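Visitor: Hey, dropping model_10.cif in here, mmCIF, C-alpha atoms:
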```
data_data
loop_
_atom_site.group_PDB
_atom_site.id
_atom_site.type_symbol
_atom_site.label_atom_id
_atom_site.label_comp_id
_atom_site.auth_asym_id
_atom_site.auth_seq_id
_atom_site.Cartn_x
_atom_site.Cartn_y
_atom_site.Cartn_z
ATOM 1 C CA MET I 571 -10.198 -8.462 15.071
ATOM 2 C CA LYS I 572 -8.178 -10.557 17.483
ATOM 3 C CA ASN I 573 -8.211 -13.791 15.486
ATOM 4 C CA LEU I 574 -7.625 -14.083 11.737
ATOM 5 C CA SER I 575 -8.146 -17.841 11.574
ATOM 6 C CA ASP I 576 -11.031 -18.775 9.237
ATOM 7 C CA LYS I 577 -11.360 -15.149 8.111
ATOM 8 C CA VAL I 578 -11.735 -14.461 4.383
ATOM 9 C CA VAL I 579 -8.961 -12.033 3.448
ATOM 10 C CA VAL I 580 -8.688 -10.205 0.121
ATOM 11 C CA ILE I 581 -5.215 -8.937 -0.861
ATOM 12 C CA THR I 582 -4.444 -6.902 -3.974
ATOM 13 C CA GLY I 583 -0.910 -6.689 -5.339
ATOM 14 C CA ALA I 584 -0.239 -10.176 -3.987
ATOM 15 C CA GLY I 585 2.229 -11.171 -6.715
ATOM 16 C CA SER I 586 5.291 -9.916 -4.834
ATOM 17 C CA GLY I 587 6.617 -7.799 -1.985
ATOM 18 C CA ILE I 588 4.417 -6.921 0.958
ATOM 19 C CA GLY I 589 1.339 -8.455 -0.677
ATOM 20 C CA ARG I 590 3.012 -11.853 -1.021
ATOM 21 C CA ALA I 591 4.433 -11.660 2.509
ATOM 22 C CA LEU I 592 0.988 -10.835 3.908
ATOM 23 C CA ALA I 593 -0.535 -13.775 2.033
ATOM 24 C CA LEU I 594 2.059 -16.165 3.483
ATOM 25 C CA ASN I 595 1.672 -14.774 7.003
ATOM 26 C CA LEU I 596 -2.110 -15.076 6.883
ATOM 27 C CA ALA I 597 -2.020 -18.542 5.311
ATOM 28 C CA ARG I 598 -0.099 -19.740 8.356
ATOM 29 C CA LYS I 599 -2.743 -18.171 10.586
ATOM 30 C CA GLY I 600 -5.513 -20.145 8.885
ATOM 31 C CA SER I 601 -7.065 -17.370 6.795
ATOM 32 C CA LEU I 602 -8.925 -18.083 3.554
ATOM 33 C CA LEU I 603 -7.333 -16.046 0.784
ATOM 34 C CA ALA I 604 -8.514 -14.168 -2.302
ATOM 35 C CA LEU I 605 -5.368 -12.923 -4.047
ATOM 36 C CA SER I 606 -5.012 -10.693 -7.083
ATOM 37 C CA ASP I 607 -2.364 -8.910 -9.161
ATOM 38 C CA VAL I 608 -1.763 -7.757 -12.738
ATOM 39 C CA ASP I 609 1.425 -9.858 -12.710
ATOM 40 C CA GLU I 610 0.020 -13.310 -13.423
ATOM 41 C CA ALA I 611 3.387 -15.078 -13.167
ATOM 42 C CA GLY I 612 4.178 -13.512 -9.803
ATOM 43 C CA LEU I 613 0.677 -14.272 -8.568
ATOM 44 C CA ALA I 614 1.019 -17.936 -9.555
ATOM 45 C CA GLU I 615 4.251 -18.127 -7.550
ATOM 46 C CA THR I 616 2.493 -16.626 -4.536
ATOM 47 C CA VAL I 617 -0.325 -19.160 -4.828
ATOM 48 C CA ASP I 618 2.172 -22.030 -4.855
ATOM 49 C CA LEU I 619 3.931 -20.579 -1.814
ATOM 50 C CA VAL I 620 0.786 -20.087 0.257
ATOM 51 C CA LYS I 621 -0.430 -23.572 -0.581
ATOM 52 C CA GLY I 622 2.923 -24.875 0.602
ATOM 53 C CA ALA I 623 2.444 -22.842 3.782
ATOM 54 C CA GLY I 624 -0.821 -24.667 4.465
ATOM 55 C CA ALA I 625 -3.438 -22.288 3.067
ATOM 56 C CA ARG I 626 -6.864 -23.866 3.439
ATOM 57 C CA GLU I 627 -8.471 -22.174 0.428
ATOM 58 C CA VAL I 628 -6.986 -19.809 -2.143
ATOM 59 C CA ARG I 629 -8.584 -17.918 -5.004
ATOM 60 C CA SER I 630 -6.387 -16.051 -7.501
ATOM 61 C CA ASP I 631 -7.370 -13.527 -10.167
ATOM 62 C CA ARG I 632 -5.653 -11.174 -12.550
ATOM 63 C CA LEU I 633 -7.033 -7.772 -11.561
ATOM 64 C CA ASP I 634 -6.296 -4.225 -12.669
ATOM 65 C CA VAL I 635 -7.333 -2.286 -9.567
ATOM 66 C CA ALA I 636 -7.679 0.902 -11.630
ATOM 67 C CA ASP I 637 -10.614 -0.675 -13.513
ATOM 68 C CA ARG I 638 -13.698 0.045 -11.396
ATOM 69 C CA ALA I 639 -16.054 -2.266 -13.294
ATOM 70 C CA ALA I 640 -13.562 -5.129 -13.083
ATOM 71 C CA PHE I 641 -13.096 -4.562 -9.352
ATOM 72 C CA GLU I 642 -16.853 -4.540 -8.719
ATOM 73 C CA ALA I 643 -17.252 -7.794 -10.660
ATOM 74 C CA TYR I 644 -14.309 -9.268 -8.757
ATOM 75 C CA ALA I 645 -15.881 -8.390 -5.399
ATOM 76 C CA GLU I 646 -19.115 -10.129 -6.342
ATOM 77 C CA ALA I 647 -17.213 -13.224 -7.516
ATOM 78 C CA VAL I 648 -15.209 -13.425 -4.283
ATOM 79 C CA VAL I 649 -18.344 -13.159 -2.143
ATOM 80 C CA ALA I 650 -20.101 -15.751 -4.308
ATOM 81 C CA GLN I 651 -17.244 -18.210 -3.736
ATOM 82 C CA PHE I 652 -16.576 -17.661 -0.035
ATOM 83 C CA GLY I 653 -19.997 -16.453 1.129
ATOM 84 C CA ARG I 654 -18.453 -13.553 3.048
ATOM 85 C CA VAL I 655 -15.442 -11.249 3.252
ATOM 86 C CA ASN I 656 -13.822 -10.207 6.532
ATOM 87 C CA VAL I 657 -10.662 -8.328 5.581
ATOM 88 C CA VAL I 658 -9.692 -6.317 2.504
ATOM 89 C CA VAL I 659 -6.051 -5.303 2.102
ATOM 90 C CA ASN I 660 -5.695 -2.667 -0.610
ATOM 91 C CA ASN I 661 -1.988 -3.182 -1.126
ATOM 92 C CA ALA I 662 -1.430 -2.753 -4.887
ATOM 93 C CA GLY I 663 0.663 0.310 -5.606
ATOM 94 C CA VAL I 664 3.191 1.856 -7.984
ATOM 95 C CA ALA I 665 5.736 4.684 -7.919
ATOM 96 C CA LEU I 666 6.467 7.713 -10.084
ATOM 97 C CA ALA I 667 9.588 9.856 -9.662
ATOM 98 C CA GLY I 668 10.231 13.285 -11.075
ATOM 99 C CA ASP I 669 9.587 16.954 -10.454
ATOM 100 C CA LEU I 670 6.010 17.962 -11.177
ATOM 101 C CA VAL I 671 7.055 20.312 -13.979
ATOM 102 C CA ASP I 672 8.637 17.381 -15.844
ATOM 103 C CA LEU I 673 5.921 14.734 -15.416
ATOM 104 C CA GLU I 674 3.662 13.592 -18.247
ATOM 105 C CA TRP I 675 -0.105 13.533 -17.731
ATOM 106 C CA SER I 676 -0.258 9.905 -18.834
ATOM 107 C CA ASP I 677 2.068 8.921 -15.965
ATOM 108 C CA ILE I 678 0.181 11.088 -13.466
ATOM 109 C CA GLU I 679 -3.119 9.442 -14.433
ATOM 110 C CA TRP I 680 -1.491 5.997 -14.282
ATOM 111 C CA ILE I 681 -0.256 6.332 -10.702
ATOM 112 C CA LEU I 682 -3.456 7.964 -9.425
ATOM 113 C CA GLY I 683 -5.512 5.238 -11.092
ATOM 114 C CA ILE I 684 -3.690 2.542 -9.137
ATOM 115 C CA ASN I 685 -2.611 4.171 -5.870
ATOM 116 C CA LEU I 686 -5.752 6.201 -5.190
ATOM 117 C CA ASN I 687 -8.580 4.889 -7.355
ATOM 118 C CA GLY I 688 -7.475 1.303 -6.783
ATOM 119 C CA VAL I 689 -7.789 1.759 -3.022
ATOM 120 C CA LEU I 690 -11.118 3.549 -3.422
ATOM 121 C CA HIS I 691 -12.469 0.847 -5.731
ATOM 122 C CA GLY I 692 -11.477 -1.937 -3.366
ATOM 123 C CA THR I 693 -12.799 -0.188 -0.291
ATOM 124 C CA LYS I 694 -16.160 0.761 -1.780
ATOM 125 C CA ALA I 695 -16.746 -2.508 -3.640
ATOM 126 C CA PHE I 696 -16.173 -4.635 -0.547
ATOM 127 C CA LEU I 697 -17.479 -2.316 2.183
ATOM 128 C CA PRO I 698 -21.112 -3.545 2.140
ATOM 129 C CA HIS I 699 -19.846 -7.107 2.471
ATOM 130 C CA LEU I 700 -17.488 -6.191 5.312
ATOM 131 C CA ILE I 701 -20.375 -4.541 7.151
ATOM 132 C CA ALA I 702 -22.574 -7.584 6.518
ATOM 133 C CA SER I 703 -19.912 -9.927 7.905
ATOM 134 C CA GLY I 704 -20.289 -8.388 11.369
ATOM 135 C CA ASP I 705 -16.517 -8.622 11.790
ATOM 136 C CA GLY I 706 -14.817 -6.667 9.027
ATOM 137 C CA HIS I 707 -11.595 -4.775 8.502
ATOM 138 C CA VAL I 708 -10.227 -2.472 5.795
ATOM 139 C CA VAL I 709 -6.448 -2.181 5.484
ATOM 140 C CA ASN I 710 -5.191 0.522 3.136
ATOM 141 C CA LEU I 711 -1.517 0.850 2.254
ATOM 142 C CA SER I 712 -0.377 4.460 2.325
ATOM 143 C CA SER I 713 3.320 5.208 2.796
ATOM 144 C CA LEU I 714 5.828 7.129 4.852
ATOM 145 C CA PHE I 715 5.237 9.614 2.028
ATOM 146 C CA GLY I 716 1.639 9.836 3.180
ATOM 147 C CA LEU I 717 2.977 11.482 6.346
ATOM 148 C CA VAL I 718 5.814 13.648 4.999
ATOM 149 C CA SER I 719 6.402 15.070 1.537
ATOM 150 C CA MET I 720 9.515 14.582 -0.554
ATOM 151 C CA PRO I 721 10.843 16.398 -3.641
ATOM 152 C CA GLY I 722 10.469 14.400 -6.821
ATOM 153 C CA GLN I 723 7.537 12.490 -5.310
ATOM 154 C CA SER I 724 4.715 15.026 -5.642
ATOM 155 C CA ILE I 725 2.115 12.755 -7.252
ATOM 156 C CA TYR I 726 3.133 9.714 -5.218
ATOM 157 C CA ASN I 727 2.779 11.959 -2.150
ATOM 158 C CA ALA I 728 -0.623 13.137 -3.380
ATOM 159 C CA SER I 729 -1.883 9.583 -3.826
ATOM 160 C CA LYS I 730 -0.637 8.372 -0.457
ATOM 161 C CA TYR I 731 -1.882 11.419 1.483
ATOM 162 C CA ALA I 732 -5.273 10.824 -0.157
ATOM 163 C CA VAL I 733 -5.282 7.186 0.972
ATOM 164 C CA ARG I 734 -4.580 8.371 4.504
ATOM 165 C CA GLY I 735 -7.444 10.888 4.420
ATOM 166 C CA LEU I 736 -9.866 8.372 2.933
ATOM 167 C CA SER I 737 -8.988 5.749 5.535
ATOM 168 C CA GLU I 738 -9.174 8.031 8.553
ATOM 169 C CA ALA I 739 -12.547 9.470 7.490
ATOM 170 C CA LEU I 740 -13.891 5.977 6.801
ATOM 171 C CA ARG I 741 -12.852 4.814 10.263
ATOM 172 C CA GLU I 742 -14.793 7.720 11.749
ATOM 173 C CA GLU I 743 -17.841 6.859 9.644
ATOM 174 C CA MET I 744 -17.779 3.238 10.785
ATOM 175 C CA LEU I 745 -17.550 4.318 14.427
ATOM 176 C CA ILE I 746 -20.436 6.785 14.067
ATOM 177 C CA ALA I 747 -22.637 4.208 12.308
ATOM 178 C CA GLY I 748 -21.806 1.532 14.872
ATOM 179 C CA HIS I 749 -20.573 -0.933 12.253
ATOM 180 C CA ASN I 750 -18.110 -3.555 13.442
ATOM 181 C CA VAL I 751 -15.606 -2.670 10.726
ATOM 182 C CA GLY I 752 -12.103 -1.607 11.669
ATOM 183 C CA VAL I 753 -9.982 0.565 9.399
ATOM 184 C CA THR I 754 -6.200 0.583 9.456
ATOM 185 C CA VAL I 755 -3.989 2.802 7.335
ATOM 186 C CA VAL I 756 -0.424 1.558 6.933
ATOM 187 C CA HIS I 757 2.618 3.788 6.410
ATOM 188 C CA PRO I 758 5.638 1.682 5.411
ATOM 189 C CA GLY I 759 9.089 3.210 5.163
ATOM 190 C CA GLY I 760 11.767 1.635 2.964
ATOM 191 C CA ILE I 761 10.834 -2.002 2.339
ATOM 192 C CA LYS I 762 12.904 -4.371 0.176
ATOM 193 C CA THR I 763 10.449 -4.691 -2.712
ATOM 194 C CA ALA I 764 10.612 -4.125 -6.470
ATOM 195 C CA ILE I 765 8.498 -0.954 -6.402
ATOM 196 C CA ALA I 766 11.401 1.345 -7.357
ATOM 197 C CA ARG I 767 12.653 -0.994 -10.081
ATOM 198 C CA ASN I 768 9.144 -1.130 -11.571
ATOM 199 C CA SER I 769 8.495 2.596 -11.234
ATOM 200 C CA ARG I 770 8.030 5.216 -13.910
ATOM 201 C CA VAL I 771 10.130 8.365 -13.990
ATOM 202 C CA SER I 772 10.148 11.683 -15.801
ATOM 203 C CA ALA I 773 12.402 12.239 -18.811
ATOM 204 C CA LYS I 774 14.891 14.036 -16.566
ATOM 205 C CA GLU I 775 15.281 11.162 -14.109
ATOM 206 C CA ASP I 776 17.666 8.241 -14.416
ATOM 207 C CA GLN I 777 15.389 5.290 -13.663
ATOM 208 C CA ALA I 778 18.250 2.878 -12.916
ATOM 209 C CA ALA I 779 19.954 5.362 -10.574
ATOM 210 C CA THR I 780 16.664 6.106 -8.796
ATOM 211 C CA ALA I 781 15.976 2.407 -8.265
ATOM 212 C CA ARG I 782 19.550 1.775 -7.104
ATOM 213 C CA PHE I 783 19.341 4.656 -4.617
ATOM 214 C CA PHE I 784 16.128 3.222 -3.154
ATOM 215 C CA ASP I 785 17.420 -0.345 -2.991
ATOM 216 C CA GLU I 786 20.805 0.553 -1.487
ATOM 217 C CA LYS I 787 20.036 3.554 0.723
ATOM 218 C CA LEU I 788 16.362 3.409 1.704
ATOM 219 C CA ALA I 789 15.057 -0.164 1.597
ATOM 220 C CA LYS I 790 16.039 -1.563 4.991
ATOM 221 C CA MET I 791 13.217 -3.867 6.102
ATOM 222 C CA THR I 792 12.163 -7.206 4.608
ATOM 223 C CA PRO I 793 8.585 -7.637 3.358
ATOM 224 C CA GLU I 794 8.176 -10.493 5.823
ATOM 225 C CA ARG I 795 8.913 -8.255 8.801
ATOM 226 C CA ALA I 796 6.623 -5.576 7.387
ATOM 227 C CA ALA I 797 3.845 -8.149 7.062
ATOM 228 C CA GLU I 798 4.266 -9.179 10.712
ATOM 229 C CA ILE I 799 3.850 -5.568 11.832
ATOM 230 C CA ILE I 800 0.809 -5.013 9.600
ATOM 231 C CA VAL I 801 -0.925 -8.210 10.720
ATOM 232 C CA ARG I 802 -0.337 -7.310 14.347
ATOM 233 C CA GLY I 803 -1.906 -3.920 13.611
ATOM 234 C CA ILE I 804 -5.001 -5.622 12.186
ATOM 235 C CA GLU I 805 -5.285 -7.920 15.183
ATOM 236 C CA LYS I 806 -5.050 -4.938 17.549
ATOM 237 C CA ASP I 807 -7.421 -2.805 15.434
ATOM 238 C CA GLN I 808 -4.845 -0.024 15.180
ATOM 239 C CA ALA I 809 -5.949 3.077 13.283
ATOM 240 C CA ARG I 810 -2.423 3.788 12.048
ATOM 241 C CA VAL I 811 0.526 1.446 11.588
ATOM 242 C CA LEU I 812 4.020 2.831 11.036
ATOM 243 C CA VAL I 813 6.368 0.259 9.513
ATOM 244 C CA GLY I 814 10.089 0.754 10.042
ATOM 245 C CA MET I 815 12.330 3.008 12.090
ATOM 246 C CA ASP I 816 12.514 5.448 9.184
ATOM 247 C CA ALA I 817 8.729 5.824 9.227
ATOM 248 C CA HIS I 818 8.723 6.455 12.987
ATOM 249 C CA ALA I 819 11.683 8.850 12.879
ATOM 250 C CA LEU I 820 10.487 11.022 9.996
ATOM 251 C CA HIS I 821 6.915 11.048 11.273
ATOM 252 C CA TRP I 822 8.018 12.441 14.640
ATOM 253 C CA PHE I 823 10.552 14.795 13.082
ATOM 254 C CA ALA I 824 7.817 16.355 10.943
ATOM 255 C CA LYS I 825 5.415 16.583 13.888
ATOM 256 C CA LEU I 826 7.972 18.301 16.090
ATOM 257 C CA SER I 827 9.388 20.663 13.465
ATOM 258 C CA GLY I 828 6.114 21.584 11.778
ATOM 259 C CA SER I 829 6.295 22.891 8.226
ATOM 260 C CA ARG I 830 9.981 23.717 8.731
ATOM 261 C CA TYR I 831 10.739 20.063 7.996
ATOM 262 C CA GLN I 832 10.278 20.916 4.306
ATOM 263 C CA ASP I 833 13.286 23.257 4.363
ATOM 264 C CA VAL I 834 15.440 20.593 5.979
ATOM 265 C CA VAL I 835 14.316 17.916 3.516
ATOM 266 C CA ALA I 836 15.048 20.213 0.561
ATOM 267 C CA LYS I 837 18.584 20.921 1.777
ATOM 268 C CA VAL I 838 19.400 17.287 2.507
ATOM 269 C CA SER I 839 17.832 16.018 -0.727
ATOM 270 C CA LYS I 840 19.902 18.439 -2.791
ATOM 271 C CA LYS I 841 23.028 16.744 -1.450
ATOM 272 C CA VAL I 842 22.056 13.079 -1.491
ATOM 273 C CA MET I 843 19.545 12.501 -4.310
ATOM 274 C CA PRO I 844 20.758 10.934 -7.584
ATOM 275 C CA PRO I 845 21.646 13.519 -10.266
ATOM 276 C CA LYS I 846 19.079 14.246 -12.961
ATOM 277 C CA THR I 847 19.588 13.395 -16.594
ATOM 278 C CA GLN I 848 20.289 16.473 -18.684
ATOM 279 C CA VAL I 849 17.691 16.692 -21.447
ATOM 280 C CA VAL I 850 18.258 19.173 -24.294
#
```
If you took the structure in this file and wrote it as structure tokens, what would it be?
Guide:
Amino acid sequence: MKNLSDKVVVITGAGSGIGRALALNLARKGSLLALSDVDEAGLAETVDLVKGAGAREVRSDRLDVADRAAFEAYAEAVVAQFGRVNVVVNNAGVALAGDLVDLEWSDIEWILGINLNGVLHGTKAFLPHLIASGDGHVVNLSSLFGLVSMPGQSIYNASKYAVRGLSEALREEMLIAGHNVGVTVVHPGGIKTAIARNSRVSAKEDQAATARFFDEKLAKMTPERAAEIIVRGIEKDQARVLVGMDAHALHWFAKLSGSRYQDVVAKVSKKVMPPKTQVV
């Protein structure tokens, strides 16, 4: 997909962060936008921004990506309005911090519902329409933690590794079937978004300290720069897009060291991670 002008692009999680930055980037390129988020106030701000950036046509909807029936109805409504869909960006995502032994099932089901099922719902609901367009593209947001595992991130890791596996298998299926549908899986490193501040944590984690650690130590790249890299990846039909020097560095470190990287990560994390709250 070398030209995104006049392409109908669906973006979930468009109310802030990378989703908003992608919407603005694509508005300037002449894309027609279908934007959604559970945060209606943030989504309204994004709509105002993309209209100011010259968006030709914008649709906005409150959408819980974990709700399969709602997502299927949303897909039909988008196609009914625009007549086609060319690109789907499954960007909506949340975070959950805490050792597996301390996590509650309700929080585990919450993050998997959004990070994994949300991506699956969006991909499957729109895939027939992407195939029918004759020029389609699926973009699924995984994470650096879909390439390497980190302590205290077991379920987030699980969701993002699953997104990677889903995306890579789907790309193979599209190639075998001869459909003109590209598939790109994106692995961002630390991006300056509110994901950590809006995360859930176990009872033994200090949510404020966890968010502060992410914002001050890990989040290095702006959403706008991340969006530029992702859009370039779509235009070049890249199978995998690594976003940020941290993503590149840790990806190659894990590849070169094999499973031994886990021992190194454990030792380093013990020294630098925020202390846990003592619960008695």
Visitor: So which residues get picked by the PyMOL selection byres ((chain I and resi 755) around 10) here, written as a PyMOL selection string?
Guide: chain I and resi 659-660+708-713+716+733-738+741+753-754+756-758+800+803-804+808-812
Visitor: Rounded to one decimal place, report the atom CA of I:Ile581-atom CA of I:Gly692 distance in Å.
Guide: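 Between these atoms lies a distance of 9.7 Å.
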Visitor: Hey, what comes out of the PyMOL selection byres ((chain I and resi 668) around 12) on this file? Could you write it as a ChimeraX atom specification?
Guide: /I:665-667,669-674,677-678,720-727,769-777,780,843-847
Visitor: Just C-alpha atoms for this one: save the residues we selected as a short mmCIF file (atom, residue, chain, number, x, y, z; two decimals), in the coordinates of the input.
Guide:
```cif
data_model
loop_
_atom_site.label_atom_id
_atom_site.label_comp_id
_atom_site.auth_asym_id
_atom_site.auth_seq_id
_atom_site.Cartn_x
_atom_site.Cartn_y
_atom_site.Cartn_z
CA ALA I 665 5.74 4.68 -7.92
CA LEU I 666 6.47 7.71 -10.08
CA ALA I 667 9.59 9.86 -9.66
CA ASP I 669 9.59 16.95 -10.45
CA LEU I 670 6.01 17.96 -11.18
CA VAL I 671 7.06 20.31 -13.98
CA ASP I 672 8.64 17.38 -15.84
CA LEU I 673 5.92 14.73 -15.42
CA GLU I 674 3.66 13.59 -18.25
CA ASP I 677 2.07 8.92 -15.96
CA ILE I 678 0.18 11.09 -13.47
CA MET I 720 9.52 14.58 -0.55
CA PRO I 721 10.84 16.40 -3.64
CA GLY I 722 10.47 14.40 -6.82
CA GLN I 723 7.54 12.49 -5.31
CA SER I 724 4.72 15.03 -5.64
CA ILE I 725 2.12 12.76 -7.25
CA TYR I 726 3.13 9.71 -5.22
CA ASN I 727 2.78 11.96 -2.15
CA SER I 769 8.49 2.60 -11.23
CA ARG I 770 8.03 5.22 -13.91
CA VAL I 771 10.13 8.36 -13.99
CA SER I 772 10.15 11.68 -15.80
CA ALA I 773 12.40 12.24 -18.81
CA LYS I 774 14.89 14.04 -16.57
CA GLU I 775 15.28 11.16 -14.11
CA ASP I 776 17.67 8.24 -14.42
CA GLN I 777 15.39 5.29 -13.66
CA THR I 780 16.66 6.11 -8.80
CA MET I 843 19.55 12.50 -4.31
CA PRO I 844 20.76 10.93 -7.58
CA PRO I 845 21.65 13.52 -10.27
CA LYS I 846 19.08 14.25 -12.96
CA THR I 847 19.59 13.40 -16.59
#
```
Visitor: How would you write, as a ChimeraX atom specification, the residues chosen by the PyMOL selection byres ((chain I and resi 765) around 10) on this structure?
Guide: /I:586-587,663-666,761-764,766-770,781,784-785
Visitor: Between I:Ala747, I:Ala728, I:Leu690, I:Leu826, which one has atoms that come closest to I:Glu642, using all atoms listed in the file?
Guide: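 Once distances to I:Glu642 are computed over all atoms listed in the file, the minimum belongs to I:Leu690.
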Visitor: Quick one, how far is atom CA of I:His699 from atom CA of I:Thr616?
Guide: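 One can read the atom CA of I:His699 to atom CA of I:Thr616 distance as 25.3 Å.
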